$ cat model04.txt   # compact mmCIF, N, CA and C atoms
# COMPACT_ATOMS: atom_id res chain seq x y z
N MET A 8 24.03 -3.01 23.87
CA MET A 8 23.87 -3.27 22.44
C MET A 8 22.73 -4.26 22.25
N PRO A 9 21.78 -3.94 21.37
CA PRO A 9 20.68 -4.88 21.14
C PRO A 9 21.20 -6.14 20.46
N LEU A 10 20.52 -7.25 20.70
CA LEU A 10 20.91 -8.50 20.06
C LEU A 10 20.52 -8.47 18.59
N LEU A 11 21.35 -9.01 17.74
CA LEU A 11 21.07 -9.07 16.32
C LEU A 11 20.32 -10.37 16.02
N ASP A 12 19.38 -10.29 15.13
CA ASP A 12 18.57 -11.45 14.75
C ASP A 12 19.47 -12.50 14.11
N ASN A 13 19.56 -13.68 14.68
CA ASN A 13 20.48 -14.69 14.17
C ASN A 13 20.00 -15.38 12.90
N ARG A 14 18.85 -14.96 12.38
CA ARG A 14 18.39 -15.50 11.09
C ARG A 14 19.08 -14.81 9.92
N PHE A 15 19.83 -13.74 10.20
CA PHE A 15 20.49 -12.98 9.17
C PHE A 15 22.00 -12.97 9.39
N ARG A 16 22.76 -12.76 8.32
CA ARG A 16 24.21 -12.61 8.40
C ARG A 16 24.50 -11.11 8.35
N PHE A 17 25.50 -10.66 9.09
CA PHE A 17 25.81 -9.24 9.16
C PHE A 17 27.27 -8.99 8.83
N ALA A 18 27.52 -7.86 8.22
CA ALA A 18 28.87 -7.38 7.99
C ALA A 18 28.91 -5.92 8.42
N VAL A 19 30.03 -5.49 8.94
CA VAL A 19 30.18 -4.11 9.39
C VAL A 19 31.23 -3.44 8.52
N GLU A 20 30.87 -2.30 7.98
CA GLU A 20 31.80 -1.54 7.15
C GLU A 20 32.36 -0.39 8.00
N ILE A 21 33.65 -0.43 8.20
CA ILE A 21 34.33 0.58 9.01
C ILE A 21 34.96 1.59 8.07
N ARG A 22 34.64 2.88 8.27
CA ARG A 22 35.18 3.92 7.39
C ARG A 22 36.03 4.94 8.14
N HIS A 23 35.63 5.31 9.33
CA HIS A 23 36.34 6.38 10.03
C HIS A 23 37.63 5.84 10.64
N PRO A 24 38.74 6.55 10.48
CA PRO A 24 40.03 6.08 10.99
C PRO A 24 40.03 5.79 12.50
N SER A 25 39.18 6.43 13.25
CA SER A 25 39.17 6.20 14.71
C SER A 25 38.75 4.79 15.07
N TRP A 26 38.12 4.08 14.16
CA TRP A 26 37.69 2.71 14.44
C TRP A 26 38.82 1.69 14.23
N PHE A 27 39.90 2.09 13.59
CA PHE A 27 41.00 1.17 13.33
C PHE A 27 41.92 1.13 14.55
N GLN A 28 41.45 0.39 15.58
CA GLN A 28 42.18 0.26 16.83
C GLN A 28 41.81 -1.08 17.47
N ASP A 29 42.62 -1.53 18.41
CA ASP A 29 42.43 -2.84 19.03
C ASP A 29 41.05 -3.00 19.66
N LEU A 30 40.54 -1.98 20.31
CA LEU A 30 39.24 -2.08 20.94
C LEU A 30 38.15 -2.42 19.93
N SER A 31 38.18 -1.75 18.80
CA SER A 31 37.20 -2.03 17.74
C SER A 31 37.39 -3.43 17.17
N TYR A 32 38.64 -3.80 16.92
CA TYR A 32 38.91 -5.13 16.36
C TYR A 32 38.39 -6.21 17.30
N SER A 33 38.63 -6.04 18.56
CA SER A 33 38.17 -7.03 19.54
C SER A 33 36.65 -7.08 19.58
N PHE A 34 36.03 -5.92 19.53
CA PHE A 34 34.57 -5.86 19.59
C PHE A 34 33.94 -6.61 18.43
N PHE A 35 34.45 -6.39 17.22
CA PHE A 35 33.88 -7.01 16.03
C PHE A 35 34.57 -8.33 15.66
N ALA A 36 35.63 -8.66 16.35
CA ALA A 36 36.41 -9.87 16.06
C ALA A 36 36.92 -9.88 14.63
N ILE A 37 37.38 -8.72 14.17
CA ILE A 37 38.01 -8.61 12.85
C ILE A 37 39.30 -7.84 12.98
N GLN A 38 40.14 -7.97 11.99
CA GLN A 38 41.36 -7.19 11.91
C GLN A 38 41.68 -6.95 10.45
N ILE A 39 42.51 -5.98 10.21
CA ILE A 39 43.01 -5.72 8.86
C ILE A 39 44.52 -5.91 8.95
N PRO A 40 45.17 -6.83 8.30
CA PRO A 40 44.61 -7.78 7.35
C PRO A 40 43.61 -8.73 8.01
N PRO A 41 42.76 -9.35 7.17
CA PRO A 41 41.62 -10.09 7.69
C PRO A 41 41.99 -11.31 8.53
N VAL A 42 41.24 -11.46 9.59
CA VAL A 42 41.26 -12.68 10.39
C VAL A 42 39.90 -13.30 10.20
N VAL A 43 39.83 -14.55 9.80
CA VAL A 43 38.56 -15.19 9.50
C VAL A 43 37.86 -15.57 10.79
N THR A 44 36.64 -15.05 10.96
CA THR A 44 35.85 -15.34 12.15
C THR A 44 34.53 -16.02 11.80
N THR A 45 34.26 -16.21 10.51
CA THR A 45 33.04 -16.84 10.06
C THR A 45 33.30 -17.47 8.69
N ASP A 46 32.27 -18.08 8.10
CA ASP A 46 32.46 -18.76 6.81
C ASP A 46 32.09 -17.88 5.62
N PHE A 47 31.95 -16.57 5.83
CA PHE A 47 31.74 -15.67 4.70
C PHE A 47 32.61 -14.43 4.87
N VAL A 48 32.87 -13.77 3.74
CA VAL A 48 33.68 -12.57 3.76
C VAL A 48 32.95 -11.49 2.98
N TYR A 49 33.07 -10.25 3.44
CA TYR A 49 32.46 -9.10 2.78
C TYR A 49 33.57 -8.11 2.44
N VAL A 50 33.65 -7.74 1.17
CA VAL A 50 34.63 -6.77 0.71
C VAL A 50 33.88 -5.68 -0.04
N ARG A 51 34.18 -4.44 0.28
CA ARG A 51 33.55 -3.33 -0.44
C ARG A 51 34.65 -2.41 -0.95
N PHE A 52 34.67 -2.23 -2.25
CA PHE A 52 35.62 -1.33 -2.89
C PHE A 52 34.98 0.06 -2.96
N ILE A 53 35.52 1.00 -2.20
CA ILE A 53 34.99 2.36 -2.15
C ILE A 53 36.06 3.32 -2.64
N GLY A 54 35.67 4.21 -3.53
CA GLY A 54 36.60 5.18 -4.07
C GLY A 54 36.67 6.43 -3.22
N ASP A 55 37.49 7.37 -3.67
CA ASP A 55 37.73 8.60 -2.90
C ASP A 55 36.93 9.78 -3.41
N ARG A 56 35.93 9.55 -4.19
CA ARG A 56 35.04 10.58 -4.71
C ARG A 56 35.74 11.55 -5.67
N SER A 57 36.91 11.18 -6.17
CA SER A 57 37.61 12.06 -7.10
C SER A 57 37.03 11.97 -8.51
N ILE A 58 36.23 10.96 -8.78
CA ILE A 58 35.62 10.81 -10.10
C ILE A 58 34.26 11.51 -10.08
N CYS A 59 34.04 12.41 -11.02
CA CYS A 59 32.76 13.12 -11.10
C CYS A 59 31.69 12.17 -11.63
N GLU A 60 30.48 12.33 -11.12
CA GLU A 60 29.37 11.47 -11.54
C GLU A 60 29.16 11.50 -13.05
N LYS A 61 29.40 12.63 -13.68
CA LYS A 61 29.21 12.74 -15.12
C LYS A 61 30.16 11.81 -15.88
N ASP A 62 31.23 11.35 -15.24
CA ASP A 62 32.21 10.49 -15.88
C ASP A 62 31.98 9.00 -15.61
N PHE A 63 30.96 8.66 -14.79
CA PHE A 63 30.67 7.25 -14.54
C PHE A 63 30.27 6.57 -15.85
N GLY A 64 30.52 5.29 -15.95
CA GLY A 64 30.11 4.54 -17.13
C GLY A 64 31.25 3.80 -17.81
N ARG A 65 32.46 4.11 -17.40
CA ARG A 65 33.64 3.37 -17.89
C ARG A 65 34.70 3.43 -16.81
N ILE A 66 35.62 2.50 -16.84
CA ILE A 66 36.70 2.48 -15.86
C ILE A 66 37.55 3.73 -16.06
N GLN A 67 37.74 4.49 -14.98
CA GLN A 67 38.50 5.74 -15.02
C GLN A 67 39.87 5.61 -14.35
N ILE A 68 39.93 4.78 -13.31
CA ILE A 68 41.16 4.61 -12.53
C ILE A 68 41.52 3.13 -12.51
N ASP A 69 42.75 2.80 -12.83
CA ASP A 69 43.20 1.42 -12.83
C ASP A 69 43.40 0.94 -11.40
N LYS A 70 42.55 0.01 -10.97
CA LYS A 70 42.61 -0.54 -9.62
C LYS A 70 42.95 -2.04 -9.65
N ILE A 71 43.49 -2.50 -10.77
CA ILE A 71 43.77 -3.93 -10.96
C ILE A 71 44.66 -4.48 -9.85
N ALA A 72 45.77 -3.83 -9.55
CA ALA A 72 46.71 -4.36 -8.55
C ALA A 72 46.04 -4.46 -7.18
N GLU A 73 45.27 -3.44 -6.82
CA GLU A 73 44.58 -3.44 -5.53
C GLU A 73 43.52 -4.55 -5.46
N MET A 74 42.76 -4.72 -6.54
CA MET A 74 41.74 -5.77 -6.57
C MET A 74 42.38 -7.16 -6.56
N GLN A 75 43.53 -7.29 -7.21
CA GLN A 75 44.19 -8.60 -7.26
C GLN A 75 44.58 -9.07 -5.88
N ILE A 76 44.99 -8.16 -5.01
CA ILE A 76 45.33 -8.53 -3.63
C ILE A 76 44.12 -9.14 -2.95
N SER A 77 42.96 -8.48 -3.07
CA SER A 77 41.73 -9.01 -2.46
C SER A 77 41.32 -10.32 -3.10
N ALA A 78 41.44 -10.43 -4.42
CA ALA A 78 41.09 -11.67 -5.11
C ALA A 78 41.97 -12.83 -4.62
N ASP A 79 43.25 -12.57 -4.47
CA ASP A 79 44.17 -13.62 -3.98
C ASP A 79 43.81 -14.06 -2.56
N ILE A 80 43.47 -13.10 -1.70
CA ILE A 80 43.08 -13.44 -0.33
C ILE A 80 41.83 -14.32 -0.34
N ILE A 81 40.84 -13.93 -1.13
CA ILE A 81 39.59 -14.71 -1.19
C ILE A 81 39.85 -16.10 -1.76
N LYS A 82 40.66 -16.19 -2.81
CA LYS A 82 40.97 -17.52 -3.37
C LYS A 82 41.65 -18.40 -2.33
N ASN A 83 42.59 -17.84 -1.58
CA ASN A 83 43.28 -18.62 -0.54
C ASN A 83 42.32 -19.07 0.55
N LEU A 84 41.41 -18.21 0.93
CA LEU A 84 40.43 -18.57 1.95
C LEU A 84 39.49 -19.67 1.45
N GLN A 85 39.11 -19.59 0.18
CA GLN A 85 38.24 -20.60 -0.39
C GLN A 85 38.96 -21.94 -0.54
N GLU A 86 40.23 -21.90 -0.95
CA GLU A 86 40.99 -23.14 -1.10
C GLU A 86 41.14 -23.85 0.23
N GLY A 87 41.30 -23.10 1.30
CA GLY A 87 41.41 -23.69 2.63
C GLY A 87 40.06 -24.04 3.22
N GLU A 88 39.01 -23.85 2.42
CA GLU A 88 37.63 -24.14 2.83
C GLU A 88 37.23 -23.41 4.10
N ARG A 89 37.87 -22.26 4.33
CA ARG A 89 37.52 -21.45 5.49
C ARG A 89 36.35 -20.52 5.17
N VAL A 90 36.18 -20.20 3.89
CA VAL A 90 35.11 -19.31 3.46
C VAL A 90 34.27 -20.01 2.40
N LYS A 91 32.96 -20.00 2.62
CA LYS A 91 32.04 -20.63 1.67
C LYS A 91 31.36 -19.61 0.77
N GLN A 92 31.33 -18.35 1.21
CA GLN A 92 30.65 -17.32 0.43
C GLN A 92 31.41 -16.00 0.54
N ALA A 93 31.51 -15.30 -0.58
CA ALA A 93 32.14 -13.98 -0.60
C ALA A 93 31.15 -12.99 -1.17
N ILE A 94 30.97 -11.89 -0.47
CA ILE A 94 30.09 -10.83 -0.93
C ILE A 94 30.98 -9.64 -1.26
N ILE A 95 30.95 -9.21 -2.51
CA ILE A 95 31.82 -8.16 -2.99
C ILE A 95 30.96 -7.03 -3.56
N ALA A 96 31.27 -5.80 -3.19
CA ALA A 96 30.54 -4.65 -3.72
C ALA A 96 31.56 -3.59 -4.15
N ALA A 97 31.21 -2.85 -5.19
CA ALA A 97 32.08 -1.77 -5.67
C ALA A 97 31.22 -0.58 -6.05
N ASN A 98 31.56 0.59 -5.54
CA ASN A 98 30.81 1.77 -5.95
C ASN A 98 31.48 2.39 -7.19
N ASN A 99 30.77 3.29 -7.84
CA ASN A 99 31.31 3.92 -9.05
C ASN A 99 32.55 4.75 -8.77
N HIS A 100 32.66 5.32 -7.59
CA HIS A 100 33.82 6.14 -7.27
C HIS A 100 35.11 5.33 -7.16
N TYR A 101 35.00 4.04 -7.02
CA TYR A 101 36.19 3.21 -6.87
C TYR A 101 37.07 3.27 -8.12
N ALA A 102 36.48 2.97 -9.27
CA ALA A 102 37.26 2.97 -10.51
C ALA A 102 36.55 3.70 -11.65
N GLY A 103 35.32 4.14 -11.40
CA GLY A 103 34.58 4.87 -12.41
C GLY A 103 33.35 4.16 -12.92
N PHE A 104 33.27 2.85 -12.68
CA PHE A 104 32.14 2.08 -13.21
C PHE A 104 31.98 0.82 -12.37
N GLY A 105 31.05 0.86 -11.42
CA GLY A 105 30.84 -0.26 -10.50
C GLY A 105 30.62 -1.59 -11.20
N PRO A 106 29.70 -1.67 -12.21
CA PRO A 106 29.49 -2.95 -12.89
C PRO A 106 30.75 -3.46 -13.59
N GLY A 107 31.52 -2.55 -14.19
CA GLY A 107 32.77 -2.96 -14.84
C GLY A 107 33.78 -3.46 -13.83
N THR A 108 33.85 -2.79 -12.69
CA THR A 108 34.74 -3.22 -11.60
C THR A 108 34.34 -4.61 -11.13
N ALA A 109 33.03 -4.83 -10.98
CA ALA A 109 32.54 -6.14 -10.54
C ALA A 109 32.96 -7.24 -11.51
N ASN A 110 32.85 -6.97 -12.80
CA ASN A 110 33.23 -8.00 -13.78
C ASN A 110 34.73 -8.24 -13.82
N ILE A 111 35.52 -7.20 -13.65
CA ILE A 111 36.98 -7.40 -13.58
C ILE A 111 37.30 -8.31 -12.40
N PHE A 112 36.67 -8.04 -11.26
CA PHE A 112 36.93 -8.85 -10.07
C PHE A 112 36.41 -10.28 -10.25
N ARG A 113 35.25 -10.43 -10.86
CA ARG A 113 34.72 -11.78 -11.14
C ARG A 113 35.74 -12.57 -11.99
N ASN A 114 36.29 -11.93 -13.01
CA ASN A 114 37.28 -12.59 -13.87
C ASN A 114 38.52 -13.00 -13.08
N MET A 115 38.94 -12.16 -12.12
CA MET A 115 40.09 -12.50 -11.28
C MET A 115 39.83 -13.76 -10.46
N LEU A 116 38.56 -13.99 -10.14
CA LEU A 116 38.19 -15.18 -9.37
C LEU A 116 37.85 -16.37 -10.26
N GLY A 117 38.00 -16.19 -11.58
CA GLY A 117 37.70 -17.27 -12.51
C GLY A 117 36.23 -17.39 -12.84
N LEU A 118 35.45 -16.33 -12.58
CA LEU A 118 34.02 -16.34 -12.87
C LEU A 118 33.75 -15.57 -14.17
N ALA A 119 32.64 -15.91 -14.81
CA ALA A 119 32.25 -15.22 -16.05
C ALA A 119 31.69 -13.84 -15.72
N ASP A 120 31.67 -12.98 -16.72
CA ASP A 120 31.08 -11.65 -16.55
C ASP A 120 29.61 -11.79 -16.16
N ALA A 121 29.14 -10.89 -15.32
CA ALA A 121 27.72 -10.79 -15.02
C ALA A 121 27.08 -9.99 -16.14
N LYS A 122 25.85 -10.31 -16.46
CA LYS A 122 25.12 -9.58 -17.51
C LYS A 122 24.28 -8.50 -16.83
N TRP A 123 24.36 -7.28 -17.32
CA TRP A 123 23.61 -6.16 -16.73
C TRP A 123 22.46 -5.81 -17.66
N GLU A 124 21.27 -5.68 -17.09
CA GLU A 124 20.08 -5.35 -17.86
C GLU A 124 19.50 -4.03 -17.38
N ASN A 125 18.73 -3.40 -18.23
CA ASN A 125 18.06 -2.17 -17.85
C ASN A 125 16.87 -2.52 -16.96
N ARG A 126 16.95 -2.21 -15.70
CA ARG A 126 15.94 -2.59 -14.71
C ARG A 126 14.57 -2.00 -15.03
N GLU A 127 14.52 -0.75 -15.49
CA GLU A 127 13.24 -0.12 -15.79
C GLU A 127 12.50 -0.88 -16.89
N ILE A 128 13.23 -1.30 -17.91
CA ILE A 128 12.62 -2.07 -19.00
C ILE A 128 12.11 -3.40 -18.48
N GLU A 129 12.90 -4.07 -17.65
CA GLU A 129 12.50 -5.36 -17.09
C GLU A 129 11.27 -5.22 -16.19
N GLU A 130 11.22 -4.17 -15.36
CA GLU A 130 10.07 -3.96 -14.48
C GLU A 130 8.81 -3.65 -15.29
N GLU A 131 8.96 -2.85 -16.35
CA GLU A 131 7.82 -2.55 -17.22
C GLU A 131 7.29 -3.82 -17.87
N LYS A 132 8.19 -4.64 -18.35
CA LYS A 132 7.81 -5.90 -19.00
C LYS A 132 7.09 -6.80 -18.00
N GLU A 133 7.62 -6.90 -16.77
CA GLU A 133 7.01 -7.74 -15.75
C GLU A 133 5.62 -7.22 -15.38
N GLU A 134 5.48 -5.91 -15.29
CA GLU A 134 4.19 -5.32 -14.93
C GLU A 134 3.16 -5.60 -16.02
N GLN A 135 3.57 -5.56 -17.28
CA GLN A 135 2.66 -5.84 -18.38
C GLN A 135 2.24 -7.31 -18.38
N GLU A 136 3.18 -8.20 -18.07
CA GLU A 136 2.89 -9.63 -18.06
C GLU A 136 2.08 -10.05 -16.84
N HIS A 137 2.35 -9.41 -15.68
CA HIS A 137 1.71 -9.77 -14.42
C HIS A 137 1.27 -8.50 -13.69
N PRO A 138 0.20 -7.85 -14.14
CA PRO A 138 -0.17 -6.55 -13.55
C PRO A 138 -0.47 -6.62 -12.06
N LEU A 139 -0.96 -7.71 -11.56
CA LEU A 139 -1.29 -7.81 -10.13
C LEU A 139 -0.06 -7.95 -9.26
N HIS A 140 1.01 -8.47 -9.80
CA HIS A 140 2.24 -8.67 -9.04
C HIS A 140 2.93 -7.36 -8.69
N HIS A 141 2.67 -6.31 -9.46
CA HIS A 141 3.35 -5.03 -9.26
C HIS A 141 3.13 -4.49 -7.84
N ASP A 142 1.92 -4.59 -7.34
CA ASP A 142 1.62 -4.08 -6.00
C ASP A 142 2.04 -5.04 -4.90
N MET A 143 2.44 -6.25 -5.25
CA MET A 143 2.75 -7.25 -4.24
C MET A 143 4.25 -7.39 -3.99
N LYS A 144 5.07 -6.53 -4.59
CA LYS A 144 6.51 -6.63 -4.40
C LYS A 144 6.87 -6.33 -2.95
N GLN A 145 7.89 -7.01 -2.43
CA GLN A 145 8.35 -6.76 -1.08
C GLN A 145 9.01 -5.39 -1.00
N ARG A 146 8.72 -4.69 0.07
CA ARG A 146 9.20 -3.30 0.19
C ARG A 146 10.31 -3.13 1.23
N SER A 147 10.41 -4.05 2.18
CA SER A 147 11.43 -3.89 3.24
C SER A 147 11.82 -5.25 3.79
N ILE A 148 12.86 -5.24 4.61
CA ILE A 148 13.34 -6.49 5.20
C ILE A 148 12.27 -7.10 6.12
N SER A 149 11.39 -6.28 6.68
CA SER A 149 10.35 -6.81 7.56
C SER A 149 9.42 -7.75 6.82
N ASP A 150 9.35 -7.65 5.50
CA ASP A 150 8.53 -8.57 4.73
C ASP A 150 9.06 -10.00 4.78
N PHE A 151 10.33 -10.17 5.14
CA PHE A 151 10.94 -11.49 5.23
C PHE A 151 10.75 -12.13 6.61
N ILE A 152 10.44 -11.32 7.58
CA ILE A 152 10.35 -11.80 8.96
C ILE A 152 8.92 -12.18 9.27
N SER A 153 8.74 -13.39 9.79
CA SER A 153 7.37 -13.81 10.14
C SER A 153 7.09 -13.60 11.61
$ encode --input "model04.txt" --output "structure tokens"
Amino acid sequence: MPLLDNRFRFAVEIRHPSWFQDLSYSFFAIQIPPVVTTDFVYVRFIGDRSICEKDFGRIQIDKIAEMQISADIIKNLQEGERVKQAIIAANNHYAGFGPGTANIFRNMLGLADAKWENREIEEEKEEQEHPLHHDMKQRSISDFIS
């Protein structure tokens, strides 16, 4: 296995059932339920693809109880000062609307709603204000590595 660059933090998302075994847990030093092995946690809410893309844009499936379990775990980890950062992601298939799911979860953690903006409008505005900056945007992670 190649060595991972220690300037970055990594999380591994396990999806296939064959990975849920002791050998995998030992290799990655994780378990479900979570065992804390670092000062950050990564949670990704992934749905079962039962929601059609045409229906994205509003919450379709109530996932409150499931999200509350994760919120409680994160709050407990933060209170014990075992975790300093939590990275949470939700796809649209989880409940029907990723941004709405994110805000529900933020509220469970006592955080305010995130504001969502139309990225195309913001990029157009930025390009008009700073036309030279448009070509100078970073394109890949290699742009961060010196």
$ residues_around --input "model04.txt" --residues "Lys91 in chain A" --least-positions-apart "2" --cutoff "8 Å" --atoms "only N, CA and C atoms" --output "number ranges by chain"
A: 45-48, 84-85, 88-89, 93-94
$ residues_around --input "model04.txt" --residues "Gly105 in chain A" --least-positions-apart "6" --cutoff "8 Å" --atoms "only N, CA and C atoms" --output "PyMOL selection string"
chain A and resi 63-66+96-99+111
$ select_by_dssp --input "model04.txt" --residues "range 9-137 of chain A" --states "helix (DSSP H, G or I)" --output "ChimeraX atom specification"
/A:24-26,29-35,60-62,71-86,99-102,105-115,126-136
$ atom_distance --input "model04.txt" --atom1 "CA of His100 in chain A" --atom2 "CA of Ala72 in chain A"
16.7 Å
$ residues_around --input "model04.txt" --residues "Phe112 in chain A" --least-positions-apart "6" --cutoff "8 Å" --atoms "only C-alpha atoms" --output "PyMOL selection string"
chain A and resi 74-75+78
$ atom_distance --input "model04.txt" --atom1 "atom N of Gln92 in chain A" --atom2 "CA of Asn114 in chain A"
17.2 Å
$ residues_around --input "model04.txt" --residues "Tyr101 in chain A" --least-positions-apart "6" --cutoff "6 Å" --atoms "all atoms listed in the file" --output "list of chain:residue names"
A:Phe52, A:Ile53, A:Gly54, A:Asp55
$ atom_distance --input "model04.txt" --atom1 "atom N of Asp120 in chain A" --atom2 "atom C of Gly107 in chain A"
10.2 Å
$ closest_residue --input "model04.txt" --among "A:Phe104, A:Asn83, A:His23, A:Tyr49" --to "Asp62 in chain A" --atoms "all atoms listed in the file"
A:Phe104
